[in-house]
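Next comes upload19.cif, with mmCIF, C-alpha atoms and all ligand atoms.
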data_work
loop_
_atom_site.group_PDB
_atom_site.id
_atom_site.type_symbol
_atom_site.label_atom_id
_atom_site.label_comp_id
_atom_site.auth_asym_id
_atom_site.auth_seq_id
_atom_site.Cartn_x
_atom_site.Cartn_y
_atom_site.Cartn_z
ATOM 1 C CA MET C 1 0.000 0.000 0.000
ATOM 2 C CA ASP C 2 1.206 3.520 -0.780
ATOM 3 C CA GLU C 3 2.218 5.732 2.186
ATOM 4 C CA PRO C 4 0.352 9.103 2.333
ATOM 5 C CA THR C 5 2.358 12.141 1.388
ATOM 6 C CA PRO C 6 2.798 14.901 4.104
ATOM 7 C CA THR C 7 0.136 17.056 2.392
ATOM 8 C CA GLN C 8 -2.482 14.310 2.362
ATOM 9 C CA LYS C 9 -4.918 14.055 5.320
ATOM 10 C CA LEU C 10 -5.638 10.633 6.733
ATOM 11 C CA GLN C 11 -9.376 9.844 6.915
ATOM 12 C CA PRO C 12 -10.630 7.321 9.460
ATOM 13 C CA GLU C 13 -12.269 4.405 7.805
ATOM 14 C CA GLY C 14 -16.012 4.819 7.112
ATOM 15 C CA GLU C 15 -15.988 8.645 7.408
ATOM 16 C CA ALA C 16 -16.500 10.963 4.489
ATOM 17 C CA PRO C 17 -13.665 13.341 3.716
ATOM 18 C CA ASP C 18 -13.897 16.928 5.100
ATOM 19 C CA THR C 19 -15.272 19.009 2.248
ATOM 20 C CA GLY C 20 -15.636 22.326 4.196
ATOM 21 C CA THR C 21 -19.415 22.021 4.592
ATOM 22 C CA ILE C 22 -21.105 21.737 8.032
ATOM 23 C CA ASP C 23 -22.264 18.258 8.912
ATOM 24 C CA ARG C 24 -25.360 17.571 11.104
ATOM 25 C CA ARG C 25 -23.412 17.249 14.379
ATOM 26 C CA GLY C 26 -21.338 20.365 13.656
ATOM 27 C CA PHE C 27 -24.443 22.302 12.645
ATOM 28 C CA LEU C 28 -26.250 21.440 15.896
ATOM 29 C CA HIS C 29 -23.153 22.359 17.896
ATOM 30 C CA LYS C 30 -22.923 25.766 16.189
ATOM 31 C CA VAL C 31 -26.657 26.424 16.622
ATOM 32 C CA SER C 32 -26.482 25.654 20.347
ATOM 33 C CA THR C 33 -23.399 27.872 20.742
ATOM 34 C CA VAL C 34 -25.059 30.813 18.976
ATOM 35 C CA SER C 35 -28.323 30.468 20.909
ATOM 36 C CA ALA C 36 -26.390 30.297 24.210
ATOM 37 C CA GLY C 37 -24.626 33.517 23.239
ATOM 38 C CA LEU C 38 -27.916 35.243 22.387
ATOM 39 C CA THR C 39 -29.450 34.106 25.668
ATOM 40 C CA ALA C 40 -26.488 35.500 27.600
ATOM 41 C CA LEU C 41 -26.843 38.784 25.695
ATOM 42 C CA ALA C 42 -30.588 38.970 26.348
ATOM 43 C CA VAL C 43 -30.055 38.373 30.076
ATOM 44 C CA GLY C 44 -26.953 40.506 30.249
ATOM 45 C CA VAL C 45 -28.313 43.712 28.669
ATOM 46 C CA PRO C 46 -31.057 44.425 31.211
ATOM 47 C CA ALA C 47 -28.762 43.312 34.027
ATOM 48 C CA ALA C 48 -26.069 45.708 32.817
ATOM 49 C CA GLY C 49 -28.676 48.438 32.456
ATOM 50 C CA ALA C 50 -29.857 47.906 36.003
ATOM 51 C CA PHE C 51 -26.295 48.068 37.188
ATOM 52 C CA VAL C 52 -25.397 51.227 35.308
ATOM 53 C CA SER C 53 -28.611 53.226 35.313
ATOM 54 C CA PRO C 54 -28.374 54.744 38.836
ATOM 55 C CA ALA C 55 -25.117 56.404 37.799
ATOM 56 C CA LEU C 56 -26.608 57.897 34.641
ATOM 57 C CA PRO C 57 -27.818 61.510 34.716
ATOM 58 C CA LYS C 58 -31.378 61.727 35.944
ATOM 59 C CA LYS C 59 -33.959 63.957 34.389
ATOM 60 C CA ALA C 60 -34.906 67.051 36.335
ATOM 61 C CA THR C 61 -37.288 66.320 39.158
ATOM 62 C CA ASP C 62 -40.450 68.213 39.932
ATOM 63 C CA ASP C 63 -39.587 70.461 42.867
ATOM 64 C CA TRP C 64 -43.097 71.756 43.500
ATOM 65 C CA ILE C 65 -44.036 71.166 47.131
ATOM 66 C CA LYS C 66 -47.516 71.513 48.567
ATOM 67 C CA VAL C 67 -47.149 73.780 51.597
ATOM 68 C CA ALA C 68 -50.804 74.396 52.486
ATOM 69 C CA ASP C 69 -53.956 72.407 51.769
ATOM 70 C CA ASP C 70 -56.089 75.530 51.668
ATOM 71 C CA VAL C 71 -55.326 79.237 51.231
ATOM 72 C CA ALA C 72 -57.845 79.928 53.991
ATOM 73 C CA LEU C 73 -55.434 78.363 56.503
ATOM 74 C CA ILE C 74 -52.868 81.119 55.991
ATOM 75 C CA ASP C 75 -53.330 84.235 58.096
ATOM 76 C CA VAL C 76 -53.462 87.503 56.194
ATOM 77 C CA GLY C 77 -50.639 89.900 57.112
ATOM 78 C CA GLU C 78 -48.883 87.329 59.309
ATOM 79 C CA PRO C 79 -45.962 85.300 57.934
ATOM 80 C CA VAL C 80 -46.047 81.606 58.647
ATOM 81 C CA ARG C 81 -43.220 79.108 58.432
ATOM 82 C CA VAL C 82 -43.882 75.709 56.826
ATOM 83 C CA ASN C 83 -41.402 72.836 57.271
ATOM 84 C CA PHE C 84 -41.175 69.799 55.036
ATOM 85 C CA VAL C 85 -38.839 66.887 54.287
ATOM 86 C CA LYS C 86 -37.174 66.944 50.884
ATOM 87 C CA THR C 87 -35.868 63.681 49.424
ATOM 88 C CA ASP C 88 -33.005 63.657 46.914
ATOM 89 C CA GLN C 89 -31.665 60.644 45.055
ATOM 90 C CA ASP C 90 -28.023 60.635 43.910
ATOM 91 C CA ALA C 91 -27.103 57.275 42.327
ATOM 92 C CA TRP C 92 -27.779 54.785 45.147
ATOM 93 C CA ILE C 93 -27.751 57.352 47.948
ATOM 94 C CA GLU C 94 -31.027 58.813 49.148
ATOM 95 C CA THR C 95 -30.792 61.858 51.381
ATOM 96 C CA ARG C 96 -33.597 63.521 53.297
ATOM 97 C CA THR C 97 -33.304 67.047 54.542
ATOM 98 C CA LEU C 98 -35.620 69.150 56.627
ATOM 99 C CA ASN C 99 -36.322 72.352 54.734
ATOM 100 C CA GLY C 100 -38.652 75.254 55.222
ATOM 101 C CA VAL C 101 -40.288 78.212 53.575
ATOM 102 C CA TRP C 102 -41.894 81.360 54.916
ATOM 103 C CA LEU C 103 -45.262 82.201 53.386
ATOM 104 C CA PHE C 104 -46.764 85.659 53.459
ATOM 105 C CA THR C 105 -49.927 87.178 52.004
ATOM 106 C CA GLU C 106 -51.417 90.625 52.339
ATOM 107 C CA ASP C 107 -54.781 89.805 50.788
ATOM 108 C CA GLY C 108 -55.234 86.004 50.921
ATOM 109 C CA GLU C 109 -54.902 85.769 47.142
ATOM 110 C CA LYS C 110 -51.331 86.633 46.210
ATOM 111 C CA PHE C 111 -48.617 84.840 48.110
ATOM 112 C CA LYS C 112 -44.933 85.378 48.698
ATOM 113 C CA ALA C 113 -42.654 82.493 49.609
ATOM 114 C CA TYR C 114 -39.076 82.750 50.843
ATOM 115 C CA ASN C 115 -36.508 80.032 51.351
ATOM 116 C CA ALA C 116 -36.199 79.765 55.144
ATOM 117 C CA LYS C 117 -32.377 79.914 55.064
ATOM 118 C CA CYS C 118 -30.720 83.265 55.704
ATOM 119 C CA THR C 119 -28.785 84.336 52.613
ATOM 120 C CA HIS C 120 -25.714 85.140 54.709
ATOM 121 C CA LEU C 121 -24.663 81.731 56.072
ATOM 122 C CA GLY C 122 -27.874 79.750 56.062
ATOM 123 C CA CYS C 123 -29.162 80.142 59.621
ATOM 124 C CA SER C 124 -32.891 79.940 60.239
ATOM 125 C CA TYR C 125 -34.438 83.355 60.687
ATOM 126 C CA VAL C 126 -37.572 84.147 62.667
ATOM 127 C CA HIS C 127 -40.457 86.551 62.508
ATOM 128 C CA ASP C 128 -39.827 89.448 64.878
ATOM 129 C CA LYS C 129 -43.306 90.788 65.569
ATOM 130 C CA GLU C 130 -42.064 93.894 67.366
ATOM 131 C CA LYS C 131 -39.801 94.933 64.529
ATOM 132 C CA LYS C 132 -42.283 93.649 61.945
ATOM 133 C CA ALA C 133 -39.394 92.035 60.120
ATOM 134 C CA PHE C 134 -37.602 88.748 59.680
ATOM 135 C CA TYR C 135 -34.660 88.524 62.062
ATOM 136 C CA CYS C 136 -31.640 86.215 61.836
ATOM 137 C CA PRO C 137 -30.130 85.603 65.298
ATOM 138 C CA CYS C 138 -26.755 84.370 63.991
ATOM 139 C CA HIS C 139 -25.379 87.791 62.971
ATOM 140 C CA ARG C 140 -28.421 90.018 63.464
ATOM 141 C CA GLY C 141 -29.475 90.133 59.883
ATOM 142 C CA GLN C 142 -32.836 91.705 59.235
ATOM 143 C CA PHE C 143 -35.176 91.442 56.243
ATOM 144 C CA ASP C 144 -38.343 93.156 55.094
ATOM 145 C CA ILE C 145 -41.344 90.786 55.302
ATOM 146 C CA LYS C 146 -43.123 92.146 52.219
ATOM 147 C CA THR C 147 -40.134 92.264 49.885
ATOM 148 C CA GLY C 148 -37.382 90.173 51.468
ATOM 149 C CA LYS C 149 -34.934 93.094 51.176
ATOM 150 C CA VAL C 150 -32.035 93.388 53.613
ATOM 151 C CA MET C 151 -32.777 96.014 56.286
ATOM 152 C CA ASP C 152 -29.769 95.394 58.527
ATOM 153 C CA GLY C 153 -26.754 93.146 59.123
ATOM 154 C CA PRO C 154 -24.343 91.268 56.855
ATOM 155 C CA PRO C 155 -26.616 89.303 54.451
ATOM 156 C CA PRO C 156 -25.281 90.037 50.939
ATOM 157 C CA ARG C 157 -28.647 89.801 49.154
ATOM 158 C CA PRO C 158 -32.396 89.757 49.847
ATOM 159 C CA LEU C 159 -34.156 86.588 50.954
ATOM 160 C CA ASP C 160 -34.445 83.990 48.200
ATOM 161 C CA GLU C 161 -37.966 84.324 46.877
ATOM 162 C CA LEU C 162 -39.570 81.181 45.443
ATOM 163 C CA GLU C 163 -42.281 80.656 42.843
ATOM 164 C CA VAL C 164 -45.768 80.137 44.269
ATOM 165 C CA GLU C 165 -48.874 78.652 42.651
ATOM 166 C CA VAL C 166 -52.392 78.195 43.976
ATOM 167 C CA ARG C 167 -54.005 75.031 42.564
ATOM 168 C CA GLU C 168 -57.575 74.270 43.583
ATOM 169 C CA SER C 169 -57.141 76.268 46.809
ATOM 170 C CA ALA C 170 -53.900 74.479 47.767
ATOM 171 C CA VAL C 171 -50.618 76.413 47.850
ATOM 172 C CA TYR C 172 -47.548 75.015 46.081
ATOM 173 C CA VAL C 173 -43.990 76.331 46.189
ATOM 174 C CA ARG C 174 -41.203 75.506 43.783
ATOM 175 C CA TYR C 175 -38.436 74.836 46.254
ATOM 176 C CA ARG C 176 -34.862 75.813 45.450
ATOM 177 C CA ASP C 177 -31.667 76.205 47.454
ATOM 178 C CA PHE C 178 -29.168 78.882 46.513
ATOM 179 C CA ARG C 179 -25.510 79.444 47.221
ATOM 180 C CA LEU C 180 -25.001 81.322 50.459
ATOM 181 C CA GLY C 181 -22.873 84.354 51.272
ATOM 182 C CA ILE C 182 -22.733 85.866 47.784
ATOM 183 C CA ALA C 183 -24.590 88.779 46.225
ATOM 184 C CA GLU C 184 -25.764 86.823 43.173
ATOM 185 C CA ARG C 185 -28.599 84.324 43.285
ATOM 186 C CA VAL C 186 -27.118 81.044 42.081
ATOM 187 C CA VAL C 187 -29.000 77.755 42.397
ATOM 188 C CA SER C 188 -26.907 75.295 44.391
HETATM 189 S S1 LIG C 201 -26.474 83.722 58.943
HETATM 190 FE FE1 LIG C 201 -28.080 85.176 59.038
HETATM 191 S S2 LIG C 201 -27.033 87.019 59.425
HETATM 192 FE FE2 LIG C 201 -25.453 85.573 59.300
#
Can you dump the structure from the file as structure tokens?
Ligand code: FES
Amino acid sequence: MDEPTPTQKLQPEGEAPDTGTIDRRGFLHKVSTVSAGLTALAVGVPAAGAFVSPALPKKATDDWIKVADDVALIDVGEPVRVNFVKTDQDAWIETRTLNGVWLFTEDGEKFKAYNAKCTHLGCSYVHDKEKKAFYCPCHRGQFDIKTGKVMDGPPPRPLDELEVEVRESAVYVRYRDFRLGIAERVVS
């Protein structure tokens, strides 16, 4: 019998020579490999999305806060402080802060709302009935109730006025915090 040359491939007895086409066993093996890959992709994409999404930028949240159920509950000519808890989500960290606004109305229809932090260094100010003004005890800052303007002390700008809306008798305020200690109003 002739010996095969180095370039000839030995074929086991009974098997057809390799012609480059996919046989049944090879075809099934390739199909199962591809489908396993697709399954991994299908499972992996949502899993990856769930893993990554908290770090992606979030769309702006609605900062409107209901501060009074009924306008009739707010005294005319007398400022009232309303406290509320604000929840912020940053990636996986949820923070809750106690915030406040001062509401004031002269006629029960138009409302003023001020961020309850003093614009100097952020202390809470109070309503001084004798002086008929807002008074900050930290450095004796003083503000006009009707306008929020600085009347005395070191605050570099008026109180931070907030947008107010009355919806079906309830009062809503668009809450914002601003950088403290500077003359410009810059959202923080
Ligand atoms: S923090 Fe209010 S006057 Fe300084």
Would you give me, as JSON lines, each residue of chain C having an atom within 8 Å of an atom of ligand LIG 201 (chain C), along with its shortest atom pair and that distance in Å to one decimal, using all atoms listed in the file and sorting by chain and residue number?
{"residue": "C:Lys117", "atom": "CA", "partner": "C:LIG201", "partner_atom": "FE1", "distance": 7.9}
{"residue": "C:Cys118", "atom": "CA", "partner": "C:LIG201", "partner_atom": "FE1", "distance": 4.7}
{"residue": "C:Thr119", "atom": "CA", "partner": "C:LIG201", "partner_atom": "FE1", "distance": 6.5}
{"residue": "C:His120", "atom": "CA", "partner": "C:LIG201", "partner_atom": "S1", "distance": 4.5}
{"residue": "C:Leu121", "atom": "CA", "partner": "C:LIG201", "partner_atom": "S1", "distance": 3.9}
{"residue": "C:Gly122", "atom": "CA", "partner": "C:LIG201", "partner_atom": "S1", "distance": 5.1}
{"residue": "C:Cys123", "atom": "CA", "partner": "C:LIG201", "partner_atom": "S1", "distance": 4.5}
{"residue": "C:Ser124", "atom": "CA", "partner": "C:LIG201", "partner_atom": "FE1", "distance": 7.2}
{"residue": "C:Tyr125", "atom": "CA", "partner": "C:LIG201", "partner_atom": "FE1", "distance": 6.8}
{"residue": "C:Tyr135", "atom": "CA", "partner": "C:LIG201", "partner_atom": "FE1", "distance": 8.0}
{"residue": "C:Cys136", "atom": "CA", "partner": "C:LIG201", "partner_atom": "FE1", "distance": 4.6}
{"residue": "C:Pro137", "atom": "CA", "partner": "C:LIG201", "partner_atom": "FE1", "distance": 6.6}
{"residue": "C:Cys138", "atom": "CA", "partner": "C:LIG201", "partner_atom": "FE2", "distance": 5.0}
{"residue": "C:His139", "atom": "CA", "partner": "C:LIG201", "partner_atom": "S2", "distance": 4.0}
{"residue": "C:Arg140", "atom": "CA", "partner": "C:LIG201", "partner_atom": "S2", "distance": 5.2}
{"residue": "C:Gly141", "atom": "CA", "partner": "C:LIG201", "partner_atom": "S2", "distance": 4.0}
{"residue": "C:Gln142", "atom": "CA", "partner": "C:LIG201", "partner_atom": "S2", "distance": 7.5}
{"residue": "C:Gly153", "atom": "CA", "partner": "C:LIG201", "partner_atom": "S2", "distance": 6.1}
{"residue": "C:Pro154", "atom": "CA", "partner": "C:LIG201", "partner_atom": "S2", "distance": 5.6}
{"residue": "C:Pro155", "atom": "CA", "partner": "C:LIG201", "partner_atom": "S2", "distance": 5.5}
Test item: axis-aligned box, all listed atoms of range 151-155 of chain C, 3 Å on each side, centre and edges in Å rounded to one decimal, as AutoDock Vina command-line options:
--center_x -28.6 --center_y 92.7 --center_z 56.8 --size_x 14.4 --size_y 12.7 --size_z 10.7
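Here CA of Arg176 in chain C and CA of Ser188 in chain C stand 8.0 Å from one another.
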Taking 5 positions as the minimum chain separation for residues in the same chain, which residues sit within 12 Å of Leu103 in chain C when counting all atoms listed in the file? Answer as number ranges by chain. C: 66-68, 71, 73-83, 108, 110-116, 127, 134, 145-148, 161-165, 171-173
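CA of Arg96 in chain C is found 10.0 Å from CA of Phe84 in chain C.
The gap separating CA of Leu180 in chain C from CA of Gln89 in chain C is 22.4 Å, in Å to one decimal.
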Taking (-20.5, 90.4, 49.6) in the file's coordinates as the center, which residues reach within 6 Å of it, counting all atoms listed in the file, put as a PyMOL selection string? chain C and resi 156+182-183
If you count only C-alpha atoms, the residue of C:Ala133, C:Val166, C:Ala91, C:Asp107 closest to Asp152 in chain C turns out to be C:Ala133
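When all atoms listed in the file are used to compute distances to Gly100 in chain C, the closest of the residues C:Asp128, C:Glu168, C:Asp160, C:Asp88 turns out to be C:Asp160.
Nearest-residue note for Val101 in chain C: choosing from C:Ala72, C:Ser169, C:Leu159, C:Arg185, the minimum distance belongs to C:Leu159, counting only C-alpha atoms.
The result of the PyMOL selection byres (((chain C and resi 86) around 6) and not hetatm) on the shown file is Val85, Thr87, Arg96 and Thr97 of chain C.
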Reconstruct range 131-156 of chain C at the level of N, CA and C atoms, and format the result as a tab-separated table (two decimals), keeping the file's coordinate frame.
chain	number	residue	atom	x	y	z
C	131	LYS	N	-40.46	94.19	65.61
C	131	LYS	CA	-39.80	94.93	64.53
C	131	LYS	C	-40.56	94.81	63.21
C	132	LYS	N	-41.54	93.92	63.19
C	132	LYS	CA	-42.28	93.65	61.94
C	132	LYS	C	-41.32	93.34	60.81
C	133	ALA	N	-40.42	92.42	61.11
C	133	ALA	CA	-39.39	92.04	60.12
C	133	ALA	C	-38.98	90.60	60.39
C	134	PHE	N	-38.26	90.03	59.44
C	134	PHE	CA	-37.60	88.75	59.68
C	134	PHE	C	-36.26	89.06	60.32
C	135	TYR	N	-35.90	88.26	61.33
C	135	TYR	CA	-34.66	88.52	62.06
C	135	TYR	C	-33.82	87.25	62.12
C	136	CYS	N	-32.55	87.36	61.77
C	136	CYS	CA	-31.64	86.22	61.84
C	136	CYS	C	-30.75	86.38	63.06
C	137	PRO	N	-30.86	85.46	64.04
C	137	PRO	CA	-30.13	85.60	65.30
C	137	PRO	C	-28.62	85.35	65.16
C	138	CYS	N	-28.18	84.72	64.10
C	138	CYS	CA	-26.76	84.37	63.99
C	138	CYS	C	-25.87	85.61	63.94
C	139	HIS	N	-26.20	86.58	63.09
C	139	HIS	CA	-25.38	87.79	62.97
C	139	HIS	C	-26.26	89.03	62.87
C	140	ARG	N	-27.47	88.90	63.40
C	140	ARG	CA	-28.42	90.02	63.46
C	140	ARG	C	-28.82	90.57	62.10
C	141	GLY	N	-28.96	89.69	61.18
C	141	GLY	CA	-29.48	90.13	59.88
C	141	GLY	C	-30.97	90.41	59.99
C	142	GLN	N	-31.43	91.33	59.18
C	142	GLN	CA	-32.84	91.70	59.24
C	142	GLN	C	-33.38	91.89	57.82
C	143	PHE	N	-34.59	91.38	57.60
C	143	PHE	CA	-35.18	91.44	56.24
C	143	PHE	C	-36.60	91.98	56.29
C	144	ASP	N	-36.98	92.65	55.23
C	144	ASP	CA	-38.34	93.16	55.09
C	144	ASP	C	-39.29	91.98	54.78
C	145	ILE	N	-40.41	91.91	55.50
C	145	ILE	CA	-41.34	90.79	55.30
C	145	ILE	C	-42.01	90.84	53.93
C	146	LYS	N	-42.37	92.04	53.48
C	146	LYS	CA	-43.12	92.15	52.22
C	146	LYS	C	-42.26	91.94	50.98
C	147	THR	N	-40.98	92.31	51.09
C	147	THR	CA	-40.13	92.26	49.88
C	147	THR	C	-38.94	91.32	50.01
C	148	GLY	N	-38.55	91.01	51.25
C	148	GLY	CA	-37.38	90.17	51.47
C	148	GLY	C	-36.07	90.96	51.43
C	149	LYS	N	-36.16	92.29	51.27
C	149	LYS	CA	-34.93	93.09	51.18
C	149	LYS	C	-34.19	93.14	52.50
C	150	VAL	N	-32.87	93.30	52.41
C	150	VAL	CA	-32.03	93.39	53.61
C	150	VAL	C	-32.24	94.76	54.26
C	151	MET	N	-32.59	94.76	55.56
C	151	MET	CA	-32.78	96.01	56.29
C	151	MET	C	-31.59	96.28	57.20
C	152	ASP	N	-30.90	95.20	57.61
C	152	ASP	CA	-29.77	95.39	58.53
C	152	ASP	C	-28.91	94.13	58.53
C	153	GLY	N	-27.63	94.30	58.94
C	153	GLY	CA	-26.75	93.15	59.12
C	153	GLY	C	-25.99	92.77	57.86
C	154	PRO	N	-25.28	91.65	57.92
C	154	PRO	CA	-24.34	91.27	56.86
C	154	PRO	C	-24.90	90.51	55.66
C	155	PRO	N	-26.18	90.08	55.63
C	155	PRO	CA	-26.62	89.30	54.45
C	155	PRO	C	-26.32	90.06	53.15
C	156	PRO	N	-25.71	89.37	52.18
C	156	PRO	CA	-25.28	90.04	50.94
C	156	PRO	C	-26.39	90.24	49.91
